[in-house]
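Okay, coords-v5.cif now, which holds mmCIF, C-alpha atoms and all ligand atoms; chains and numbers go by the auth columns:
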data_query
#
loop_
_atom_site.group_PDB
_atom_site.id
_atom_site.type_symbol
_atom_site.label_atom_id
_atom_site.label_comp_id
_atom_site.label_asym_id
_atom_site.label_seq_id
_atom_site.Cartn_x
_atom_site.Cartn_y
_atom_site.Cartn_z
_atom_site.B_iso_or_equiv
_atom_site.auth_seq_id
_atom_site.auth_asym_id
ATOM 1 C CA MET A 1 58.416 115.634 89.134 0.00 1 A
ATOM 2 C CA LYS A 2 56.704 115.092 92.458 0.00 2 A
ATOM 3 C CA HIS A 3 59.985 115.846 94.220 0.00 3 A
ATOM 4 C CA TYR A 4 60.412 119.023 92.204 0.00 4 A
ATOM 5 C CA PHE A 5 57.054 120.407 93.394 0.00 5 A
ATOM 6 C CA LYS A 6 57.775 119.450 96.969 0.00 6 A
ATOM 7 C CA LYS A 7 61.124 121.240 96.805 0.00 7 A
ATOM 8 C CA SER A 8 59.679 124.362 95.205 0.00 8 A
ATOM 9 C CA LYS A 9 56.952 124.490 97.877 0.00 9 A
ATOM 10 C CA ILE A 10 59.597 124.309 100.584 0.00 10 A
ATOM 11 C CA ASN A 11 61.562 127.076 98.863 0.00 11 A
ATOM 12 C CA THR A 12 58.458 129.261 98.700 0.00 12 A
ATOM 13 C CA PHE A 13 57.854 128.795 102.415 0.00 13 A
ATOM 14 C CA LEU A 14 61.484 129.538 103.119 0.00 14 A
ATOM 15 C CA VAL A 15 61.346 132.791 101.145 0.00 15 A
ATOM 16 C CA ILE A 16 58.134 133.870 102.922 0.00 16 A
ATOM 17 C CA TYR A 17 59.684 133.008 106.291 0.00 17 A
ATOM 18 C CA ILE A 18 62.801 135.078 105.537 0.00 18 A
ATOM 19 C CA ILE A 19 60.675 138.053 104.409 0.00 19 A
ATOM 20 C CA ILE A 20 58.637 137.885 107.645 0.00 20 A
ATOM 21 C CA VAL A 21 61.787 137.681 109.792 0.00 21 A
ATOM 22 C CA ILE A 22 63.349 140.680 107.987 0.00 22 A
ATOM 23 C CA PHE A 23 60.105 142.655 108.335 0.00 23 A
ATOM 24 C CA PHE A 24 59.888 142.135 112.092 0.00 24 A
ATOM 25 C CA ALA A 25 63.601 142.717 112.573 0.00 25 A
ATOM 26 C CA SER A 26 63.325 146.114 110.860 0.00 26 A
ATOM 27 C CA CYS A 27 60.308 147.028 113.025 0.00 27 A
ATOM 28 C CA ALA A 28 62.275 146.145 116.127 0.00 28 A
ATOM 29 C CA ASP A 29 65.070 148.454 114.996 0.00 29 A
ATOM 30 C CA ASP A 30 62.550 151.224 114.444 0.00 30 A
ATOM 31 C CA ASN A 31 61.486 150.862 118.042 0.00 31 A
ATOM 32 C CA GLN A 32 65.021 151.636 119.149 0.00 32 A
ATOM 33 C CA ASP A 33 64.783 155.098 117.631 0.00 33 A
ATOM 34 C CA ILE A 34 65.917 158.085 119.577 0.00 34 A
ATOM 35 C CA ILE A 35 64.879 161.599 118.746 0.00 35 A
ATOM 36 C CA PRO A 36 67.507 163.345 116.608 0.00 36 A
ATOM 37 C CA TYR A 37 69.051 166.612 117.754 0.00 37 A
ATOM 38 C CA ALA A 38 67.070 169.775 117.165 0.00 38 A
ATOM 39 C CA TYR A 39 68.331 173.157 118.293 0.00 39 A
ATOM 40 C CA VAL A 40 66.075 174.574 121.000 0.00 40 A
ATOM 41 C CA ASN A 41 66.415 177.938 122.728 0.00 41 A
ATOM 42 C CA TYR A 42 62.985 179.239 123.630 0.00 42 A
ATOM 43 C CA THR A 43 61.917 181.639 126.362 0.00 43 A
ATOM 44 C CA ILE A 44 58.442 181.847 127.849 0.00 44 A
ATOM 45 C CA ASP A 45 57.144 184.820 129.802 0.00 45 A
ATOM 46 C CA LEU A 46 54.969 183.186 132.427 0.00 46 A
ATOM 47 C CA GLN A 47 52.972 186.398 132.758 0.00 47 A
ATOM 48 C CA ASN A 48 51.771 185.912 129.184 0.00 48 A
ATOM 49 C CA PRO A 49 48.129 184.672 129.438 0.00 49 A
ATOM 50 C CA VAL A 50 48.870 182.092 126.712 0.00 50 A
ATOM 51 C CA TYR A 51 50.785 180.143 129.364 0.00 51 A
ATOM 52 C CA ILE A 52 48.241 180.509 132.168 0.00 52 A
ATOM 53 C CA ASP A 53 48.084 176.684 132.490 0.00 53 A
ATOM 54 C CA LEU A 54 51.723 176.701 133.554 0.00 54 A
ATOM 55 C CA LEU A 55 51.176 178.873 136.622 0.00 55 A
ATOM 56 C CA ASN A 56 50.063 176.003 138.861 0.00 56 A
ATOM 57 C CA VAL A 57 52.095 172.943 139.783 0.00 57 A
ATOM 58 C CA SER A 58 51.038 169.996 137.531 0.00 58 A
ATOM 59 C CA GLY A 59 49.984 172.405 134.794 0.00 59 A
ATOM 60 C CA SER A 60 51.346 171.948 131.285 0.00 60 A
ATOM 61 C CA ALA A 61 51.447 173.835 127.994 0.00 61 A
ATOM 62 C CA TYR A 62 52.530 173.246 124.417 0.00 62 A
ATOM 63 C CA ILE A 63 55.111 175.205 122.511 0.00 63 A
ATOM 64 C CA GLU A 64 54.173 174.755 118.881 0.00 64 A
ATOM 65 C CA ARG A 65 56.617 174.257 115.975 0.00 65 A
ATOM 66 C CA GLU A 66 59.662 173.719 118.205 0.00 66 A
ATOM 67 C CA GLY A 67 61.728 170.598 118.833 0.00 67 A
ATOM 68 C CA TYR A 68 62.422 167.753 116.430 0.00 68 A
ATOM 69 C CA ASN A 69 60.777 168.263 113.053 0.00 69 A
ATOM 70 C CA GLY A 70 58.661 171.053 114.545 0.00 70 A
ATOM 71 C CA ASN A 71 56.548 168.434 116.342 0.00 71 A
ATOM 72 C CA GLY A 72 56.387 170.712 119.370 0.00 72 A
ATOM 73 C CA ILE A 73 57.466 170.728 122.988 0.00 73 A
ATOM 74 C CA ILE A 74 55.407 170.178 126.094 0.00 74 A
ATOM 75 C CA VAL A 75 56.336 172.058 129.270 0.00 75 A
ATOM 76 C CA TYR A 76 55.274 170.736 132.661 0.00 76 A
ATOM 77 C CA HIS A 77 55.250 172.591 135.978 0.00 77 A
ATOM 78 C CA SER A 78 56.718 169.784 138.093 0.00 78 A
ATOM 79 C CA GLY A 79 57.246 171.579 141.418 0.00 79 A
ATOM 80 C CA ILE A 80 57.647 175.001 142.985 0.00 80 A
ATOM 81 C CA ASP A 81 59.844 176.922 140.522 0.00 81 A
ATOM 82 C CA GLU A 82 60.613 173.651 138.735 0.00 82 A
ATOM 83 C CA PHE A 83 59.718 172.855 135.144 0.00 83 A
ATOM 84 C CA LYS A 84 60.273 169.965 132.747 0.00 84 A
ATOM 85 C CA ALA A 85 60.260 170.212 128.978 0.00 85 A
ATOM 86 C CA TYR A 86 59.963 167.346 126.498 0.00 86 A
ATOM 87 C CA ASP A 87 59.974 166.974 122.768 0.00 87 A
ATOM 88 C CA ARG A 88 56.466 165.913 121.779 0.00 88 A
ATOM 89 C CA THR A 89 57.740 163.369 119.260 0.00 89 A
ATOM 90 C CA CYS A 90 56.629 159.884 120.316 0.00 90 A
ATOM 91 C CA THR A 91 59.717 157.691 120.695 0.00 91 A
ATOM 92 C CA PHE A 92 58.015 154.513 119.508 0.00 92 A
ATOM 93 C CA LYS A 93 58.440 155.174 115.793 0.00 93 A
ATOM 94 C CA ILE A 94 59.727 158.641 115.143 0.00 94 A
ATOM 95 C CA SER A 95 59.233 158.395 111.384 0.00 95 A
ATOM 96 C CA ASP A 96 55.475 158.511 112.082 0.00 96 A
ATOM 97 C CA ASN A 97 55.912 162.084 113.362 0.00 97 A
ATOM 98 C CA CYS A 98 53.230 161.631 115.988 0.00 98 A
ATOM 99 C CA SER A 99 53.184 164.296 118.694 0.00 99 A
ATOM 100 C CA VAL A 100 52.160 163.257 122.185 0.00 100 A
ATOM 101 C CA GLU A 101 49.132 165.066 123.563 0.00 101 A
ATOM 102 C CA LYS A 102 47.777 165.874 126.989 0.00 102 A
ATOM 103 C CA ASP A 103 45.900 162.926 128.464 0.00 103 A
ATOM 104 C CA GLU A 104 42.228 163.791 129.004 0.00 104 A
ATOM 105 C CA ASN A 105 42.124 161.442 131.986 0.00 105 A
ATOM 106 C CA SER A 106 45.278 162.543 133.771 0.00 106 A
ATOM 107 C CA ILE A 107 47.151 165.819 134.133 0.00 107 A
ATOM 108 C CA VAL A 108 50.409 164.001 134.860 0.00 108 A
ATOM 109 C CA ASN A 109 50.555 161.994 131.620 0.00 109 A
ATOM 110 C CA VAL A 110 50.706 162.508 127.883 0.00 110 A
ATOM 111 C CA VAL A 111 49.577 160.044 125.216 0.00 111 A
ATOM 112 C CA CYS A 112 50.611 159.304 121.638 0.00 112 A
ATOM 113 C CA PRO A 113 47.501 159.498 119.423 0.00 113 A
ATOM 114 C CA CYS A 114 49.032 156.934 117.030 0.00 114 A
ATOM 115 C CA CYS A 115 50.269 154.067 119.226 0.00 115 A
ATOM 116 C CA LYS A 116 48.527 155.056 122.473 0.00 116 A
ATOM 117 C CA SER A 117 51.805 154.894 124.389 0.00 117 A
ATOM 118 C CA GLN A 118 51.551 156.864 127.596 0.00 118 A
ATOM 119 C CA TYR A 119 54.392 158.858 129.193 0.00 119 A
ATOM 120 C CA GLU A 120 54.778 160.447 132.615 0.00 120 A
ATOM 121 C CA LEU A 121 55.360 164.186 132.613 0.00 121 A
ATOM 122 C CA MET A 122 57.410 164.054 135.816 0.00 122 A
ATOM 123 C CA ASN A 123 60.309 162.243 134.121 0.00 123 A
ATOM 124 C CA GLY A 124 59.233 161.456 130.544 0.00 124 A
ATOM 125 C CA SER A 125 59.234 157.700 131.149 0.00 125 A
ATOM 126 C CA VAL A 126 56.845 155.280 129.467 0.00 126 A
ATOM 127 C CA SER A 127 53.990 154.225 131.737 0.00 127 A
ATOM 128 C CA LYS A 128 51.910 152.251 129.229 0.00 128 A
ATOM 129 C CA GLY A 129 51.960 151.000 125.635 0.00 129 A
ATOM 130 C CA SER A 130 54.395 149.804 122.988 0.00 130 A
ATOM 131 C CA SER A 131 57.032 152.483 123.413 0.00 131 A
ATOM 132 C CA ILE A 132 60.137 151.609 125.417 0.00 132 A
ATOM 133 C CA LYS A 133 62.074 154.874 125.394 0.00 133 A
ATOM 134 C CA ALA A 134 61.362 157.961 127.459 0.00 134 A
ATOM 135 C CA LEU A 135 60.441 161.241 125.827 0.00 135 A
ATOM 136 C CA LYS A 136 63.400 163.416 124.887 0.00 136 A
ATOM 137 C CA ALA A 137 63.931 166.019 127.605 0.00 137 A
ATOM 138 C CA TYR A 138 65.246 169.554 127.149 0.00 138 A
ATOM 139 C CA ARG A 139 66.890 171.641 129.836 0.00 139 A
ATOM 140 C CA THR A 140 65.012 174.393 131.632 0.00 140 A
ATOM 141 C CA SER A 141 65.929 177.401 133.747 0.00 141 A
ATOM 142 C CA PHE A 142 63.538 179.721 135.547 0.00 142 A
ATOM 143 C CA ASP A 143 64.219 183.143 137.055 0.00 143 A
ATOM 144 C CA GLY A 144 60.780 183.732 138.590 0.00 144 A
ATOM 145 C CA THR A 145 59.303 185.277 135.445 0.00 145 A
ATOM 146 C CA TYR A 146 61.023 183.868 132.401 0.00 146 A
ATOM 147 C CA LEU A 147 61.306 180.170 131.689 0.00 147 A
ATOM 148 C CA ARG A 148 63.982 179.188 129.233 0.00 148 A
ATOM 149 C CA ILE A 149 63.953 175.842 127.397 0.00 149 A
ATOM 150 C CA PHE A 150 67.168 174.847 125.694 0.00 150 A
ATOM 151 C CA ASN A 151 69.520 172.008 124.710 0.00 151 A
HETATM 152 S S1 LIG B . 54.402 157.345 117.186 0.00 201 A
HETATM 153 FE FE1 LIG B . 54.048 155.955 115.728 0.00 201 A
HETATM 154 S S2 LIG B . 53.268 155.176 117.284 0.00 201 A
HETATM 155 FE FE2 LIG B . 53.519 156.543 118.791 0.00 201 A
#

Spell out the structure here as structure tokens.
Amino acid sequence: MKHYFKKSKINTFLVIYIIIVIFFASCADDNQDIIPYAYVNYTIDLQNPVYIDLLNVSGSAYIEREGYNGNGIIVYHSGIDEFKAYDRTCTFKISDNCSVEKDENSIVNVVCPCCKSQYELMNGSVSKGSSIKALKAYRTSFDGTYLRIFN
């Protein structure tokens, strides 16, 4: 009888251990997420006052309802006549649908409001936090007036 209880206790611990291992393994997989494809073909007229923040180098602006799941795109004026565009979906756990936001403390970074991961606007890479993958970048072309963001 004593042996039976001892064995069942060990089994209980074993089951709990396996559940914990599976839980953390699935979280780790989640962290490997990449942003799924979303068709993007969007043109900005830089003379439109809505995009006034994009006129100066290091300025950035949101494009709402574009990109993966409509989470938005952030455009960054990275150099003279050079622009970067990123999907705002945080790459840490895309199922959370958290959109990165401008960092109040730095014009060159964005931050995920959910996990606090921080990304650099110059290349989309992670500079701080739990995320390990860079933001998804879109292509850009600029003719002096119109900025096109596309796949
Ligand atoms: S998105 Fe879930 S944590 Fe950044």

Around stretch 116-130 of chain A, with edges along x, y and z and 3 Å added on all six sides, what centre and edge lengths do you get, in Å to one decimal, as JSON?
{"center_x": 54.4, "center_y": 157.0, "center_z": 129.1, "size_x": 17.8, "size_y": 20.4, "size_z": 19.3}

Could you give me the residues within 8 Å of ligand LIG 201 (chain A), counting only C-alpha atoms and all ligand atoms, as a PyMOL selection string?
chain A and resi 89-100+112-117+130-131

>> For the PyMOL selection byres (((chain A and resi 143) around 12) and not hetatm), applied here, can you spell out every residue it catches as a list in words?
In response: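 Answer for the PyMOL selection byres (((chain A and resi 143) around 12) and not hetatm): Thr43, Ile44, Asp45, Leu46, Asp81, Glu82, Phe83, Thr140, Ser141, Phe142, Gly144, Thr145, Tyr146, Leu147 and Arg148 of chain A.
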
Open item on the list: Residues near stretch 49-63 of chain A, anyone? I mean within 9 Å using only C-alpha atoms, not counting same-chain ones fewer than 3 positions away, as a VMD selection string.
Closed with: chain A and resid 42 44 to 46 66 to 67 72 to 83 88 101 to 102 107 to 108 121 to 122

With distances taken over only C-alpha atoms, the candidate from A:Ile149, A:Val40, A:Val126, A:Ala137 nearest A:Asn69 is A:Val40

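Nearest to A:Leu135 of all the residues A:Asn151, A:Asp87, A:Asn41, A:Asn48 is A:Asp87, counting only C-alpha atoms.
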
Report, in Å to a single decimal, how far apart atom CA of A:Ser106 and atom CA of A:Lys136 are.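 Going from atom CA of A:Lys136 over to atom CA of A:Ser106, I get 20.2 Å.
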